[in-house]
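Engineer: Got final-v2.pdb for you, PDB, C-alpha atoms, pLDDT in the B column:
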```pdb
MODEL        1
ATOM      1  CA  MET T 159     -17.885 -20.674  -9.027  1.00 31.00           C
ATOM      2  CA  ALA T 160     -14.273 -19.620  -9.509  1.00 34.00           C
ATOM      3  CA  SER T 161     -12.650 -17.811  -6.616  1.00 35.00           C
ATOM      4  CA  ALA T 162     -11.618 -14.178  -6.852  1.00 33.00           C
ATOM      5  CA  ARG T 163      -8.008 -15.325  -6.948  1.00 34.00           C
ATOM      6  CA  GLU T 164      -8.748 -17.601  -9.927  1.00 33.00           C
ATOM      7  CA  ARG T 165     -10.640 -14.893 -11.821  1.00 31.00           C
ATOM      8  CA  PHE T 166      -7.948 -12.299 -11.229  1.00 33.00           C
ATOM      9  CA  CYS T 167      -4.554 -12.644 -12.881  1.00 34.00           C
ATOM     10  CA  LEU T 168      -1.829 -12.977 -10.235  1.00 33.00           C
ATOM     11  CA  PRO T 169       0.933 -11.994 -10.096  1.00 31.00           C
ATOM     12  CA  PHE T 170       0.162  -8.632 -11.655  1.00 30.00           C
ATOM     13  CA  GLU T 171       2.235  -7.071 -14.405  1.00 31.00           C
ATOM     14  CA  ALA T 172       4.385  -4.043 -13.669  1.00 32.00           C
ATOM     15  CA  ALA T 173       3.875  -1.446 -16.396  1.00 30.00           C
ATOM     16  CA  THR T 174       6.379   1.265 -17.242  1.00 27.00           C
ATOM     17  CA  GLU T 175       4.267   3.619 -19.305  1.00 31.00           C
ATOM     18  CA  GLY T 176       0.705   4.814 -19.772  1.00 34.00           C
ATOM     19  CA  THR T 177      -1.777   6.569 -17.519  1.00 36.00           C
ATOM     20  CA  PRO T 178      -2.937   4.733 -14.400  1.00 40.00           C
ATOM     21  CA  HIS T 179      -6.687   4.415 -13.874  1.00 43.00           C
ATOM     22  CA  HIS T 180      -6.244   4.428 -10.127  1.00 47.00           C
ATOM     23  CA  HIS T 181      -3.474   5.811  -7.976  1.00 47.00           C
ATOM     24  CA  GLY T 182      -2.586   4.376  -4.569  1.00 53.00           C
ATOM     25  CA  ARG T 183       0.011   5.592  -2.077  1.00 49.00           C
ATOM     26  CA  ARG T 184       1.164   3.495   0.848  1.00 47.00           C
ATOM     27  CA  GLY T 185       2.265   6.000   3.460  1.00 47.00           C
ATOM     28  CA  HIS T 186       5.068   8.487   4.134  1.00 50.00           C
ATOM     29  CA  LEU T 187       2.965  11.385   2.876  1.00 50.00           C
ATOM     30  CA  GLY T 188       4.745  13.428   5.502  1.00 48.00           C
ATOM     31  CA  THR T 189       8.201  13.088   6.976  1.00 44.00           C
ATOM     32  CA  ARG T 190       8.559  16.371   8.834  1.00 42.00           C
ATOM     33  CA  PRO T 191       6.339  19.145  10.212  1.00 43.00           C
ATOM     34  CA  GLY T 192       5.703  21.939   7.735  1.00 44.00           C
ATOM     35  CA  ALA T 193       6.410  19.862   4.630  1.00 49.00           C
ATOM     36  CA  ARG T 194       4.092  20.613   1.716  1.00 54.00           C
ATOM     37  CA  LEU T 195       1.670  18.325  -0.067  1.00 53.00           C
ATOM     38  CA  THR T 196       0.971  18.886  -3.745  1.00 58.00           C
ATOM     39  CA  ALA T 197      -2.302  18.177  -5.507  1.00 54.00           C
ATOM     40  CA  ALA T 198      -2.978  14.577  -6.476  1.00 52.00           C
ATOM     41  CA  ALA T 199      -2.597  13.943 -10.205  1.00 51.00           C
ATOM     42  CA  ASP T 200      -5.609  11.602 -10.202  1.00 66.00           C
ATOM     43  CA  PRO T 201      -8.924  12.642  -8.601  1.00 66.00           C
ATOM     44  CA  ASP T 202      -9.458   8.959  -7.735  1.00 74.00           C
ATOM     45  CA  ALA T 203      -6.169   8.766  -5.803  1.00 82.00           C
ATOM     46  CA  ARG T 204      -6.217   6.836  -2.527  1.00 87.00           C
ATOM     47  CA  ALA T 205      -3.600   6.427   0.192  1.00 85.00           C
ATOM     48  CA  ALA T 206      -2.942   4.556   3.427  1.00 88.00           C
ATOM     49  CA  ARG T 207      -1.118   5.965   6.428  1.00 82.00           C
ATOM     50  CA  GLY T 208       2.513   5.129   7.105  1.00 79.00           C
ATOM     51  CA  LEU T 209       4.409   5.535  10.351  1.00 70.00           C
ATOM     52  CA  HIS T 210       5.853   8.967   9.533  1.00 71.00           C
ATOM     53  CA  GLU T 211       2.381  10.481   9.238  1.00 80.00           C
ATOM     54  CA  TYR T 212       1.907   9.679  12.923  1.00 72.00           C
ATOM     55  CA  TYR T 213       5.244  11.215  13.848  1.00 73.00           C
ATOM     56  CA  VAL T 214       4.265  14.596  12.384  1.00 76.00           C
ATOM     57  CA  GLY T 215       0.508  14.577  13.103  1.00 79.00           C
ATOM     58  CA  ALA T 216      -1.583  12.093  11.129  1.00 78.00           C
ATOM     59  CA  GLU T 217      -4.894  13.924  11.477  1.00 82.00           C
ATOM     60  CA  ASN T 218      -3.491  17.193  10.114  1.00 81.00           C
ATOM     61  CA  TRP T 219      -1.903  15.385   7.180  1.00 78.00           C
ATOM     62  CA  THR T 220      -5.108  13.490   6.443  1.00 80.00           C
ATOM     63  CA  GLU T 221      -7.108  16.725   6.389  1.00 82.00           C
ATOM     64  CA  ALA T 222      -4.536  18.386   4.127  1.00 78.00           C
ATOM     65  CA  ALA T 223      -4.608  15.393   1.786  1.00 78.00           C
ATOM     66  CA  ALA T 224      -8.413  15.533   1.575  1.00 79.00           C
ATOM     67  CA  GLU T 225      -8.244  19.182   0.512  1.00 80.00           C
ATOM     68  CA  LEU T 226      -6.091  18.023  -2.413  1.00 79.00           C
ATOM     69  CA  ASP T 227      -8.506  15.231  -3.430  1.00 80.00           C
ATOM     70  CA  LEU T 228      -6.292  12.512  -1.979  1.00 83.00           C
ATOM     71  CA  ARG T 229      -8.498  10.251   0.123  1.00 88.00           C
ATOM     72  CA  VAL T 230      -6.754   8.394   2.926  1.00 90.00           C
ATOM     73  CA  LEU T 231      -8.270   4.979   3.629  1.00 93.00           C
ATOM     74  CA  ARG T 232      -8.255   4.540   7.403  1.00 93.00           C
ATOM     75  CA  ASN T 233      -9.280   0.955   8.098  1.00 96.00           C
ATOM     76  CA  GLU T 234     -11.801   1.050   5.264  1.00 96.00           C
ATOM     77  CA  ARG T 235     -12.356  -0.043   1.683  1.00 96.00           C
ATOM     78  CA  VAL T 236     -13.943   1.335  -1.474  1.00 94.00           C
ATOM     79  CA  GLU T 237     -15.251  -0.332  -4.607  1.00 93.00           C
ATOM     80  CA  ILE T 238     -13.340   0.580  -7.766  1.00 89.00           C
ATOM     81  CA  ALA T 239     -15.202  -0.086 -11.029  1.00 86.00           C
ATOM     82  CA  HIS T 240     -13.510   0.045 -14.422  1.00 80.00           C
ATOM     83  CA  GLY T 241     -14.092  -1.504 -17.835  1.00 78.00           C
ATOM     84  CA  GLY T 242     -17.052  -3.577 -16.712  1.00 81.00           C
ATOM     85  CA  GLY T 243     -15.220  -5.077 -13.735  1.00 84.00           C
ATOM     86  CA  ALA T 244     -14.691  -4.107 -10.119  1.00 89.00           C
ATOM     87  CA  ILE T 245     -12.320  -4.659  -7.215  1.00 92.00           C
ATOM     88  CA  ASP T 246     -12.258  -3.589  -3.592  1.00 95.00           C
ATOM     89  CA  LEU T 247      -9.390  -1.268  -2.690  1.00 95.00           C
ATOM     90  CA  ALA T 248      -8.708  -1.326   1.045  1.00 96.00           C
ATOM     91  CA  GLY T 249      -6.325   0.533   3.321  1.00 96.00           C
ATOM     92  CA  VAL T 250      -5.336  -0.069   6.939  1.00 96.00           C
ATOM     93  CA  ASN T 251      -3.599   2.232   9.386  1.00 94.00           C
ATOM     94  CA  ASP T 252       0.078   1.546   9.928  1.00 92.00           C
ATOM     95  CA  ILE T 253       1.070  -0.649  12.860  1.00 90.00           C
ATOM     96  CA  THR T 254       2.581   2.450  14.498  1.00 87.00           C
ATOM     97  CA  GLY T 255      -0.935   3.875  14.747  1.00 87.00           C
ATOM     98  CA  ALA T 256      -1.539   1.617  17.755  1.00 90.00           C
ATOM     99  CA  GLN T 257       0.667   3.986  19.771  1.00 91.00           C
ATOM    100  CA  TYR T 258      -1.681   6.860  18.860  1.00 89.00           C
ATOM    101  CA  ALA T 259      -5.025   5.097  19.457  1.00 90.00           C
ATOM    102  CA  HIS T 260      -5.353   4.381  15.704  1.00 92.00           C
ATOM    103  CA  PRO T 261      -4.339   0.714  15.291  1.00 95.00           C
ATOM    104  CA  PRO T 262      -4.888  -1.231  12.072  1.00 96.00           C
ATOM    105  CA  ASP T 263      -8.286  -2.955  12.114  1.00 97.00           C
ATOM    106  CA  TYR T 264      -8.375  -5.828   9.627  1.00 97.00           C
ATOM    107  CA  GLU T 265     -11.791  -7.055  10.724  1.00 97.00           C
ATOM    108  CA  ARG T 266     -13.423  -3.703  10.049  1.00 97.00           C
ATOM    109  CA  THR T 267     -11.521  -3.245   6.797  1.00 97.00           C
ATOM    110  CA  LEU T 268     -11.880  -6.666   5.202  1.00 97.00           C
ATOM    111  CA  ALA T 269     -14.679  -8.655   6.843  1.00 94.00           C
ATOM    112  CA  GLY T 270     -18.162  -8.906   5.339  1.00 92.00           C
ATOM    113  CA  ARG T 271     -17.175  -7.806   1.847  1.00 92.00           C
ATOM    114  CA  ASP T 272     -18.537  -9.146  -1.452  1.00 92.00           C
ATOM    115  CA  GLN T 273     -16.359 -12.199  -2.111  1.00 89.00           C
ATOM    116  CA  SER T 274     -17.111 -12.019  -5.847  1.00 89.00           C
ATOM    117  CA  ARG T 275     -14.745  -9.037  -6.086  1.00 92.00           C
ATOM    118  CA  PRO T 276     -10.969  -9.312  -5.612  1.00 94.00           C
ATOM    119  CA  VAL T 277      -9.526  -7.125  -2.869  1.00 96.00           C
ATOM    120  CA  VAL T 278      -6.265  -5.182  -3.042  1.00 96.00           C
ATOM    121  CA  LEU T 279      -4.967  -4.022   0.337  1.00 97.00           C
ATOM    122  CA  MET T 280      -2.691  -1.036   0.943  1.00 95.00           C
ATOM    123  CA  ALA T 281      -0.686  -1.618   4.131  1.00 95.00           C
ATOM    124  CA  HIS T 282       2.446   0.443   4.663  1.00 91.00           C
ATOM    125  CA  GLN T 283       4.574  -2.301   6.216  1.00 92.00           C
ATOM    126  CA  PRO T 284       4.885  -5.665   4.435  1.00 94.00           C
ATOM    127  CA  VAL T 285       4.712  -7.509   7.774  1.00 92.00           C
ATOM    128  CA  ALA T 286       1.009  -6.604   7.932  1.00 95.00           C
ATOM    129  CA  VAL T 287       0.365  -9.496   5.544  1.00 96.00           C
ATOM    130  CA  HIS T 288       0.444 -11.959   8.442  1.00 96.00           C
ATOM    131  CA  ASP T 289      -2.705 -10.332   9.849  1.00 96.00           C
ATOM    132  CA  ALA T 290      -4.297  -9.647   6.458  1.00 97.00           C
ATOM    133  CA  ALA T 291      -3.861 -13.075   4.839  1.00 96.00           C
ATOM    134  CA  PRO T 292      -6.642 -14.835   6.813  1.00 96.00           C
ATOM    135  CA  TYR T 293      -9.144 -12.427   5.217  1.00 96.00           C
ATOM    136  CA  GLY T 294      -8.418 -13.670   1.696  1.00 95.00           C
ATOM    137  CA  VAL T 295      -6.509 -10.638   0.415  1.00 96.00           C
ATOM    138  CA  ASP T 296      -5.713 -11.087  -3.290  1.00 95.00           C
ATOM    139  CA  LEU T 297      -2.806  -8.630  -3.340  1.00 96.00           C
ATOM    140  CA  GLN T 298      -1.112  -6.490  -0.697  1.00 96.00           C
ATOM    141  CA  LEU T 299       0.707  -3.309  -1.724  1.00 95.00           C
ATOM    142  CA  SER T 300       3.342  -2.019   0.696  1.00 92.00           C
ATOM    143  CA  GLY T 301       6.339   0.273   1.028  1.00 83.00           C
ATOM    144  CA  HIS T 302       8.310   1.155   4.184  1.00 73.00           C
ATOM    145  CA  THR T 303      11.496  -0.782   3.411  1.00 70.00           C
ATOM    146  CA  HIS T 304      13.044   1.572   0.812  1.00 69.00           C
ATOM    147  CA  GLY T 305      14.258  -1.657  -0.783  1.00 58.00           C
ATOM    148  CA  GLY T 306      16.758  -2.009   2.062  1.00 54.00           C
ATOM    149  CA  GLN T 307      18.289   1.351   1.010  1.00 53.00           C
ATOM    150  CA  MET T 308      21.916   0.358   1.635  1.00 57.00           C
ATOM    151  CA  PHE T 309      24.168  -2.237   3.261  1.00 63.00           C
ATOM    152  CA  PRO T 310      23.799  -3.413   6.006  1.00 69.00           C
ATOM    153  CA  PHE T 311      20.257  -2.003   6.377  1.00 66.00           C
ATOM    154  CA  ASP T 312      19.001  -4.418   3.713  1.00 64.00           C
ATOM    155  CA  TYR T 313      19.864  -7.415   5.889  1.00 61.00           C
ATOM    156  CA  LEU T 314      18.360  -5.850   9.006  1.00 68.00           C
ATOM    157  CA  VAL T 315      15.145  -4.946   7.178  1.00 67.00           C
ATOM    158  CA  GLY T 316      14.917  -8.534   5.948  1.00 60.00           C
ATOM    159  CA  LEU T 317      14.860  -9.742   9.544  1.00 72.00           C
ATOM    160  CA  GLN T 318      11.806  -7.585  10.263  1.00 76.00           C
ATOM    161  CA  GLN T 319       9.851  -7.653   6.998  1.00 84.00           C
ATOM    162  CA  PRO T 320       8.884 -10.793   5.008  1.00 85.00           C
ATOM    163  CA  VAL T 321       9.392  -9.022   1.642  1.00 83.00           C
ATOM    164  CA  VAL T 322      11.958  -6.243   1.177  1.00 79.00           C
ATOM    165  CA  SER T 323      11.524  -5.332  -2.493  1.00 79.00           C
ATOM    166  CA  GLY T 324       9.357  -6.382  -5.427  1.00 81.00           C
ATOM    167  CA  PHE T 325       7.014  -9.370  -5.512  1.00 90.00           C
ATOM    168  CA  GLY T 326       6.811 -12.080  -2.891  1.00 93.00           C
ATOM    169  CA  GLU T 327       4.246 -14.446  -1.430  1.00 94.00           C
ATOM    170  CA  VAL T 328       3.558 -14.730   2.285  1.00 92.00           C
ATOM    171  CA  ASP T 329       1.005 -17.067   3.860  1.00 92.00           C
ATOM    172  CA  GLY T 330      -0.415 -17.659   0.374  1.00 94.00           C
ATOM    173  CA  THR T 331      -0.910 -13.924  -0.266  1.00 96.00           C
ATOM    174  CA  PRO T 332       0.930 -12.055  -3.060  1.00 95.00           C
ATOM    175  CA  VAL T 333       2.752  -8.976  -1.758  1.00 94.00           C
ATOM    176  CA  TYR T 334       4.349  -6.202  -3.794  1.00 93.00           C
ATOM    177  CA  VAL T 335       6.774  -3.840  -2.049  1.00 89.00           C
ATOM    178  CA  THR T 336       7.899  -0.677  -3.811  1.00 84.00           C
ATOM    179  CA  ASN T 337      11.340   0.791  -3.087  1.00 78.00           C
ATOM    180  CA  GLY T 338       9.766   4.242  -3.065  1.00 70.00           C
ATOM    181  CA  ALA T 339      11.419   7.439  -4.210  1.00 70.00           C
ATOM    182  CA  GLY T 340      12.941   8.778  -1.003  1.00 69.00           C
ATOM    183  CA  PHE T 341      15.189   7.654   1.824  1.00 61.00           C
ATOM    184  CA  TRP T 342      15.372   7.480   5.599  1.00 61.00           C
ATOM    185  CA  GLY T 343      18.341   8.742   7.581  1.00 57.00           C
ATOM    186  CA  PRO T 344      21.411   9.179   5.366  1.00 62.00           C
ATOM    187  CA  PRO T 345      20.488  10.480   1.878  1.00 65.00           C
ATOM    188  CA  VAL T 346      22.093   7.463   0.216  1.00 61.00           C
ATOM    189  CA  ARG T 347      20.879   4.406  -1.697  1.00 65.00           C
ATOM    190  CA  VAL T 348      23.137   1.505  -2.634  1.00 61.00           C
ATOM    191  CA  GLY T 349      21.693  -1.399  -4.607  1.00 61.00           C
ATOM    192  CA  ALA T 350      18.130  -0.210  -4.001  1.00 66.00           C
ATOM    193  CA  ASP T 351      17.176   2.098  -6.850  1.00 71.00           C
ATOM    194  CA  PRO T 352      14.256   4.471  -6.165  1.00 73.00           C
ATOM    195  CA  ASP T 353      11.077   3.680  -8.038  1.00 79.00           C
ATOM    196  CA  ILE T 354       7.467   4.719  -8.490  1.00 80.00           C
ATOM    197  CA  THR T 355       5.638   1.572  -9.550  1.00 82.00           C
ATOM    198  CA  LEU T 356       2.713   1.341 -11.947  1.00 86.00           C
ATOM    199  CA  LEU T 357       0.895  -1.986 -11.691  1.00 87.00           C
ATOM    200  CA  THR T 358      -1.573  -3.123 -14.337  1.00 86.00           C
ATOM    201  CA  LEU T 359      -4.303  -5.418 -12.987  1.00 84.00           C
ATOM    202  CA  ARG T 360      -5.711  -7.786 -15.601  1.00 79.00           C
ATOM    203  CA  SER T 361      -8.783  -9.969 -15.194  1.00 74.00           C
ATOM    204  CA  THR T 362      -8.622 -13.533 -16.479  1.00 70.00           C
ATOM    205  CA  ALA T 363     -12.415 -13.699 -16.895  1.00 63.00           C
TER     206      ALA T 363
ENDMDL
END
```
Translate the structure of the given file into structure tokens.
Structural biologist:
Amino acid sequence: MASARERFCLPFEAATEGTPHHHGRRGHLGTRPGARLTAAADPDARAARGLHEYYVGAENWTEAAAELDLRVLRNERVEIAHGGGAIDLAGVNDITGAQYAHPPDYERTLAGRDQSRPVVLMAHQPVAVHDAAPYGVDLQLSGHTHGGQMFPFDYLVGLQQPVVSGFGEVDGTPVYVTNGAGFWGPPVRVGADPDITLLTLRSTA
């Protein structure tokens, strides 16, 4: 029997138009207390926590997101069926959650799943791939880096994260890192254009 990786086309294509069937966000829902969330465009939208959610109160943000039909995957996975096929979409808490008694739990999130389905993992920081790879993750989606944002941050980020922007492969696991649409610290981007990525997943079966 072919493996999930063989049945699923990797790397995935990045699409620039059309309506996504499923919407995933990889953290930074909140960056400051009192900021507003707007309703999710897709009722099937899912998200994973980033570090800034913990800084401003992760539980409050998670509850607010749920009221807007945005489900936050906290060390859990869901089956996503579409067009006669299915994948597992998983999300782990950010590494920063360990400081707030909410660490990422890869065993709970990824162990014991149906191996006939590919699994896509949302993990805010790309470095999480080192812990996720042993569980046979077919694709990890991350953010956090802002694409390096500006010199010399891009070099410093590269020392901490195995992939800074776009596609990469770490420990045999494909990783896609979006630059995101915002910034951290100075409101400046140099050589790291903001983006909101739409990925099209295509089965090879």
Engineer: Once the PyMOL selection byres ((chain T and resi 353) around 6) has been evaluated on this model, what residues remain selected, and can you format them as a ChimeraX atom specification?
Structural biologist: /T:337-339,352,354
Engineer: To test your reading of the syntax: which residues would the PyMOL selection byres ((chain T and resi 241) around 12) return for the file shown? Reply as number ranges by chain.
Structural biologist: T: 179, 238-240, 242-245, 359-361
Engineer: Evaluate the PyMOL selection byres ((chain T and resi 208) around 12) against this structure - the residues, as an NGL selection string, please.
Structural biologist: :T and (183-189 or 205-207 or 209-216 or 219-220 or 230-232 or 249-256 or 260-262 or 280-284 or 286 or 300-303)
Engineer: How many Å separate atom CA of T:Tyr334 from atom CA of T:Leu299?
Structural biologist: 5.1 Å
Engineer: Interatomic distance between atom CA of T:Ala291 and atom CA of T:Leu268?
Structural biologist: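 Atom-to-atom, atom CA of T:Ala291 and atom CA of T:Leu268 are spaced 10.3 Å apart.
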Engineer: Would you kindly return, as a list in words, each protein, DNA or RNA residue with an atom no farther than 10 Å from any atom of T:Phe325, considering all atoms listed in the file and excluding same-chain residues fewer than 4 positions away?
Structural biologist: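 My list of contacting residues is Pro169, Phe170, Gln298, Leu299, Val321, Pro332, Val333, Tyr334, Val335 and Thr336 of chain T.
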Engineer: What is the atom CA of T:Val295-atom CA of T:Val277 distance in Å, reported with one decimal?
Structural biologist: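 Taking atom CA of T:Val295 as the start and atom CA of T:Val277 as the end point, the length is 5.7 Å.
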